[in-house]
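Structure, as structure tokens:
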Amino acid sequence: MRYAFIADIHANLAALTAVLEDIERRGGVSAIWCLGDIVGYGPEPRECLALLRQIAGVCVAGNHDRAAAGVVPIDEFNSDAAAAVHWAAGQLAPDDIDFLCGLPLVIEQGDFTLAHGSPREPIWEYVLSPEIARQNLDHFSTRYCLVGHSHRPAVFSCDGTCSVRHFSPHEPQQLGRSRMMINPGSVGQPRDGDPRAGYAIYDDELELVSLHRVPYDVRTTQRRMQAHGLPMRLLTRLSYGL
Ligand code: ZN
């Protein structure tokens, strides 16, 4: 079966739609796994939640999801993020909040553990280095772990120690026997200098994973953010993927 891994959608409907279209263009998948942060930052929290509830087989909670649902205090965020989470919280219906409150922090699916930040600290930890990946190895028992939160695609391959494994975009790579931590990148607010939406496709029969990037209409999202009075810095960063 083929799976798509998506993370950090951040209420960006144009980006999410572009990713779903790209998945279909590449032959479709049997299930979509979501690594959290459906809402926050972007202009369409309700629309993205509605779409995600239709398409995602499983999903874990991100820090923005927990904050918008009132489970994590908003004052844990920087001022721009806090303003956007506060706005998102005001948009959500009780049903949306129930859904966000019901999302687990960590789940296991076959060979994978899914967590938003890290399996050790699912809400707040960023897995940005081989050393942080190594420290997390004792915190999951499956061979592979999927994380989001950093908004940067990354693959850490671990055999005692961990190292960065380089993936060329769109090129399927064999997963192999090593344990791995994989971040598919961010759908709605990439931060690796590439403004295109990011996600991954996994084929469990061939044991191949590929990281994909998809252009989307950034201006549409920015116009909608402006119309809702969301912080200007959150609009401009989308143009640069930073
Ligand atoms: Zn995020």
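Residue numbering restarts at 1 in every chain; chains get A, B, ... in the order shown in the structure tokens, and ligands count up from 1 in that same order.
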
Per residue of chain A within 12 Å of ligand 1, record the nearest atom pair and its distance in Å to one decimal, counting only C-alpha atoms and all ligand atoms, with rows in chain order and ascending residue number, as a Markdown table.
```
| residue | atom | partner | partner_atom_place_in_ligand_line | distance |
| --- | --- | --- | --- | --- |
| A:Ile6 | CA | ligand 1 | 1 (Zn) | 11.4 |
| A:Ala7 | CA | ligand 1 | 1 (Zn) | 7.6 |
| A:Asp8 | CA | ligand 1 | 1 (Zn) | 4.5 |
| A:Ile9 | CA | ligand 1 | 1 (Zn) | 7.5 |
| A:His10 | CA | ligand 1 | 1 (Zn) | 6.6 |
| A:Ala11 | CA | ligand 1 | 1 (Zn) | 10.3 |
| A:Asn12 | CA | ligand 1 | 1 (Zn) | 11.6 |
| A:Cys34 | CA | ligand 1 | 1 (Zn) | 11.9 |
| A:Leu35 | CA | ligand 1 | 1 (Zn) | 9.4 |
| A:Gly36 | CA | ligand 1 | 1 (Zn) | 7.5 |
| A:Asp37 | CA | ligand 1 | 1 (Zn) | 5.1 |
| A:Ile38 | CA | ligand 1 | 1 (Zn) | 8.1 |
| A:Val39 | CA | ligand 1 | 1 (Zn) | 8.5 |
| A:Gly40 | CA | ligand 1 | 1 (Zn) | 7.8 |
| A:Tyr41 | CA | ligand 1 | 1 (Zn) | 8.6 |
| A:Gly42 | CA | ligand 1 | 1 (Zn) | 10.7 |
| A:Ala61 | CA | ligand 1 | 1 (Zn) | 10.4 |
| A:Gly62 | CA | ligand 1 | 1 (Zn) | 7.0 |
| A:Asn63 | CA | ligand 1 | 1 (Zn) | 7.3 |
| A:His64 | CA | ligand 1 | 1 (Zn) | 6.9 |
| A:Asp65 | CA | ligand 1 | 1 (Zn) | 9.2 |
| A:Arg66 | CA | ligand 1 | 1 (Zn) | 11.5 |
| A:Ala67 | CA | ligand 1 | 1 (Zn) | 11.8 |
| A:Phe77 | CA | ligand 1 | 1 (Zn) | 11.5 |
| A:Ala81 | CA | ligand 1 | 1 (Zn) | 9.9 |
| A:Val85 | CA | ligand 1 | 1 (Zn) | 11.4 |
| A:His116 | CA | ligand 1 | 1 (Zn) | 8.4 |
| A:Gly117 | CA | ligand 1 | 1 (Zn) | 8.9 |
| A:Ile123 | CA | ligand 1 | 1 (Zn) | 10.0 |
| A:Trp124 | CA | ligand 1 | 1 (Zn) | 10.0 |
| A:Glu125 | CA | ligand 1 | 1 (Zn) | 11.4 |
| A:Tyr126 | CA | ligand 1 | 1 (Zn) | 10.2 |
| A:Val147 | CA | ligand 1 | 1 (Zn) | 10.7 |
| A:Gly148 | CA | ligand 1 | 1 (Zn) | 7.1 |
| A:His149 | CA | ligand 1 | 1 (Zn) | 4.5 |
| A:Ser150 | CA | ligand 1 | 1 (Zn) | 6.7 |
| A:His151 | CA | ligand 1 | 1 (Zn) | 6.3 |
| A:Arg152 | CA | ligand 1 | 1 (Zn) | 10.0 |
| A:Asn183 | CA | ligand 1 | 1 (Zn) | 11.8 |
| A:Gly185 | CA | ligand 1 | 1 (Zn) | 9.8 |
| A:Ser186 | CA | ligand 1 | 1 (Zn) | 7.5 |
| A:Val187 | CA | ligand 1 | 1 (Zn) | 9.5 |
| A:Gly188 | CA | ligand 1 | 1 (Zn) | 8.6 |
| A:Gln189 | CA | ligand 1 | 1 (Zn) | 7.6 |
| A:Pro190 | CA | ligand 1 | 1 (Zn) | 9.1 |
| A:Arg191 | CA | ligand 1 | 1 (Zn) | 9.9 |
```

Residues of region 102-228 of chain A in strand (DSSP E or B), written as a ChimeraX atom specification: /A:106-109,112-115,144-146,154-159,161-164,173-174,179-183,197-203,208-214

Output the selection as a CSV table (one decimal), in the first residue's frame - N, CA and C atoms for each residue.
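Saved file selection-v7.csv follows:
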```csv
chain,number,residue,atom,x,y,z
A,106,VAL,N,0.7,10.7,20.5
A,106,VAL,CA,1.6,9.7,19.8
A,106,VAL,C,0.8,8.5,19.4
A,107,ILE,N,1.0,8.0,18.2
A,107,ILE,CA,0.3,6.8,17.8
A,107,ILE,C,1.3,5.9,17.0
A,108,GLU,N,1.1,4.6,17.1
A,108,GLU,CA,1.8,3.7,16.3
A,108,GLU,C,1.0,3.1,15.1
A,109,GLN,N,1.6,3.1,14.0
A,109,GLN,CA,0.9,2.5,12.8
A,109,GLN,C,2.0,1.6,12.1
A,112,PHE,N,5.8,2.4,12.0
A,112,PHE,CA,6.0,3.8,12.3
A,112,PHE,C,5.4,4.2,13.7
A,113,THR,N,6.1,5.1,14.3
A,113,THR,CA,5.5,5.9,15.4
A,113,THR,C,5.3,7.3,14.9
A,114,LEU,N,4.1,7.9,15.2
A,114,LEU,CA,3.9,9.3,14.7
A,114,LEU,C,3.8,10.2,15.9
A,115,ALA,N,4.5,11.3,15.9
A,115,ALA,CA,4.4,12.4,16.9
A,115,ALA,C,4.6,13.7,16.2
A,144,TYR,N,10.7,3.0,12.6
A,144,TYR,CA,10.7,4.3,12.0
A,144,TYR,C,9.8,5.2,12.9
A,145,CYS,N,10.2,6.5,12.8
A,145,CYS,CA,9.4,7.5,13.5
A,145,CYS,C,9.1,8.7,12.6
A,146,LEU,N,7.9,9.2,12.5
A,146,LEU,CA,7.5,10.3,11.7
A,146,LEU,C,7.3,11.5,12.6
A,154,ALA,N,13.4,16.3,6.6
A,154,ALA,CA,14.7,15.8,7.1
A,154,ALA,C,14.5,14.3,7.3
A,155,VAL,N,15.6,13.6,7.0
A,155,VAL,CA,15.6,12.1,7.3
A,155,VAL,C,16.9,11.9,8.1
A,156,PHE,N,16.8,11.3,9.3
A,156,PHE,CA,17.9,10.9,10.1
A,156,PHE,C,17.9,9.4,10.2
A,157,SER,N,19.1,8.8,9.8
A,157,SER,CA,19.3,7.4,9.7
A,157,SER,C,20.1,7.0,10.9
A,158,CYS,N,19.7,6.0,11.7
A,158,CYS,CA,20.4,5.7,13.0
A,158,CYS,C,20.8,4.3,13.1
A,159,ASP,N,22.1,4.1,13.3
A,159,ASP,CA,22.7,2.8,13.6
A,159,ASP,C,23.6,3.1,14.8
A,161,THR,N,24.6,5.6,16.3
A,161,THR,CA,24.6,7.1,16.2
A,161,THR,C,23.6,7.4,15.0
A,162,CYS,N,23.3,8.7,14.8
A,162,CYS,CA,22.4,9.1,13.8
A,162,CYS,C,23.1,10.0,12.8
A,163,SER,N,22.7,10.0,11.6
A,163,SER,CA,23.3,10.9,10.6
A,163,SER,C,22.2,11.4,9.7
A,164,VAL,N,22.4,12.5,9.0
A,164,VAL,CA,21.5,13.1,8.1
A,164,VAL,C,21.5,12.2,6.8
A,173,GLN,N,13.5,6.6,-2.3
A,173,GLN,CA,14.7,6.0,-1.7
A,173,GLN,C,14.3,4.8,-0.9
A,174,GLN,N,15.2,3.8,-0.9
A,174,GLN,CA,14.9,2.6,-0.1
A,174,GLN,C,15.1,3.0,1.4
A,179,ARG,N,17.2,2.2,11.8
A,179,ARG,CA,16.0,3.0,12.3
A,179,ARG,C,16.1,4.4,11.8
A,180,MET,N,15.0,5.0,11.7
A,180,MET,CA,15.0,6.4,11.0
A,180,MET,C,14.0,7.3,11.7
A,181,MET,N,14.3,8.6,11.7
A,181,MET,CA,13.3,9.6,12.0
A,181,MET,C,13.1,10.4,10.7
A,182,ILE,N,11.9,10.6,10.3
A,182,ILE,CA,11.6,11.2,9.0
A,182,ILE,C,10.6,12.4,9.3
A,183,ASN,N,11.0,13.5,8.7
A,183,ASN,CA,10.1,14.7,8.7
A,183,ASN,C,9.7,15.0,7.3
A,197,ALA,N,5.0,23.7,-1.0
A,197,ALA,CA,4.4,22.8,0.1
A,197,ALA,C,5.2,21.5,0.0
A,198,GLY,N,5.4,20.9,1.2
A,198,GLY,CA,6.2,19.7,1.3
A,198,GLY,C,5.3,18.5,1.8
A,199,TYR,N,5.6,17.3,1.4
A,199,TYR,CA,5.0,16.1,2.0
A,199,TYR,C,5.8,14.9,1.5
A,200,ALA,N,5.4,13.7,1.9
A,200,ALA,CA,6.1,12.5,1.5
A,200,ALA,C,5.1,11.4,1.1
A,201,ILE,N,5.6,10.5,0.3
A,201,ILE,CA,4.8,9.3,-0.1
A,201,ILE,C,5.7,8.1,0.3
A,202,TYR,N,5.0,7.1,0.9
A,202,TYR,CA,5.7,5.9,1.3
A,202,TYR,C,5.0,4.7,0.7
A,203,ASP,N,5.8,3.7,0.2
A,203,ASP,CA,5.3,2.5,-0.4
A,203,ASP,C,5.7,1.4,0.5
A,208,LEU,N,9.9,2.1,-0.1
A,208,LEU,CA,10.4,3.3,-0.7
A,208,LEU,C,9.7,4.5,-0.1
A,209,VAL,N,10.5,5.5,0.2
A,209,VAL,CA,9.9,6.8,0.6
A,209,VAL,C,10.4,7.9,-0.3
A,210,SER,N,9.6,8.9,-0.6
A,210,SER,CA,10.0,10.0,-1.5
A,210,SER,C,9.4,11.3,-0.9
A,211,LEU,N,10.3,12.3,-0.9
A,211,LEU,CA,9.9,13.6,-0.4
A,211,LEU,C,9.5,14.5,-1.6
A,212,HIS,N,8.4,15.2,-1.5
A,212,HIS,CA,7.9,15.9,-2.6
A,212,HIS,C,7.7,17.4,-2.3
A,213,ARG,N,7.8,18.3,-3.3
A,213,ARG,CA,7.5,19.7,-3.1
A,213,ARG,C,6.6,20.1,-4.2
A,214,VAL,N,5.6,20.9,-3.9
A,214,VAL,CA,4.5,21.3,-4.8
A,214,VAL,C,4.3,22.8,-4.7
```

Shell of 12 Å around Thr236 (chain A), only C-alpha atoms, local chain residues under 3 positions omitted, as number ranges by chain: A: 41-42, 189, 195, 218-219, 221-223, 225-226, 230-233, 239-242

Alpha helix (DSSP H) call set, DSSP backbone run, region 8-232 of chain A, as a ChimeraX atom specification: /A:13-25,45-55,63-68,79-91,94-101,130-136,218-227,232

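As for CA of Trp33 (chain A) and CA of Gln54 (chain A), they are spaced 12.0 Å apart.
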
Among the residues A:Arg120, A:His170, A:Arg237, A:His86, the one that comes closest to His139 (chain A) [using only C-alpha atoms]: A:Arg120

Near-Pro94 (chain A) list (12 Å; only C-alpha atoms; drop same-chain fewer than 4 positions) as a list in words: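 The residues that qualify are Arg46, Ala68, Ala69, Gly70, Ala89, Gly90, Asp98, Phe99, Leu100 and Cys101 of chain A.
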
Give me a file of those residues, with N, CA and C atoms, as a compact mmCIF listing (two decimals), in the first residue's frame.
```
# COMPACT_ATOMS: atom_id res chain seq x y z
N ARG A 46 -11.02 26.27 9.77
CA ARG A 46 -12.21 25.41 9.71
C ARG A 46 -12.22 24.58 8.43
N ALA A 68 -5.16 26.08 20.08
CA ALA A 68 -6.44 26.57 19.54
C ALA A 68 -7.61 25.91 20.25
N ALA A 69 -7.41 24.67 20.73
CA ALA A 69 -8.47 23.96 21.45
C ALA A 69 -8.51 24.33 22.93
N GLY A 70 -7.58 25.19 23.36
CA GLY A 70 -7.59 25.64 24.75
C GLY A 70 -6.91 24.69 25.72
N ALA A 89 -8.71 30.20 17.27
CA ALA A 89 -9.58 29.67 18.34
C ALA A 89 -10.98 30.28 18.24
N GLY A 90 -11.01 31.56 17.84
CA GLY A 90 -12.31 32.24 17.71
C GLY A 90 -13.12 31.78 16.52
N ASP A 98 -13.76 19.75 19.76
CA ASP A 98 -13.83 18.35 20.22
C ASP A 98 -12.88 17.47 19.42
N PHE A 99 -12.88 17.69 18.10
CA PHE A 99 -11.99 16.89 17.25
C PHE A 99 -10.54 17.12 17.63
N LEU A 100 -10.13 18.38 17.80
CA LEU A 100 -8.74 18.68 18.15
C LEU A 100 -8.37 18.11 19.52
N CYS A 101 -9.31 18.23 20.46
CA CYS A 101 -9.05 17.69 21.82
C CYS A 101 -8.90 16.17 21.80
```

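Counting only C-alpha atoms, the residue from A:Leu238, A:Thr17, A:Ile32, A:Ser118 that sits nearest to Gly193 (chain A) is A:Leu238.
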
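Distances here use only C-alpha atoms; by that measure, the residue among A:Asp192, A:Leu51, A:Leu206, A:Val19 closest to Gly176 (chain A) is A:Leu206.
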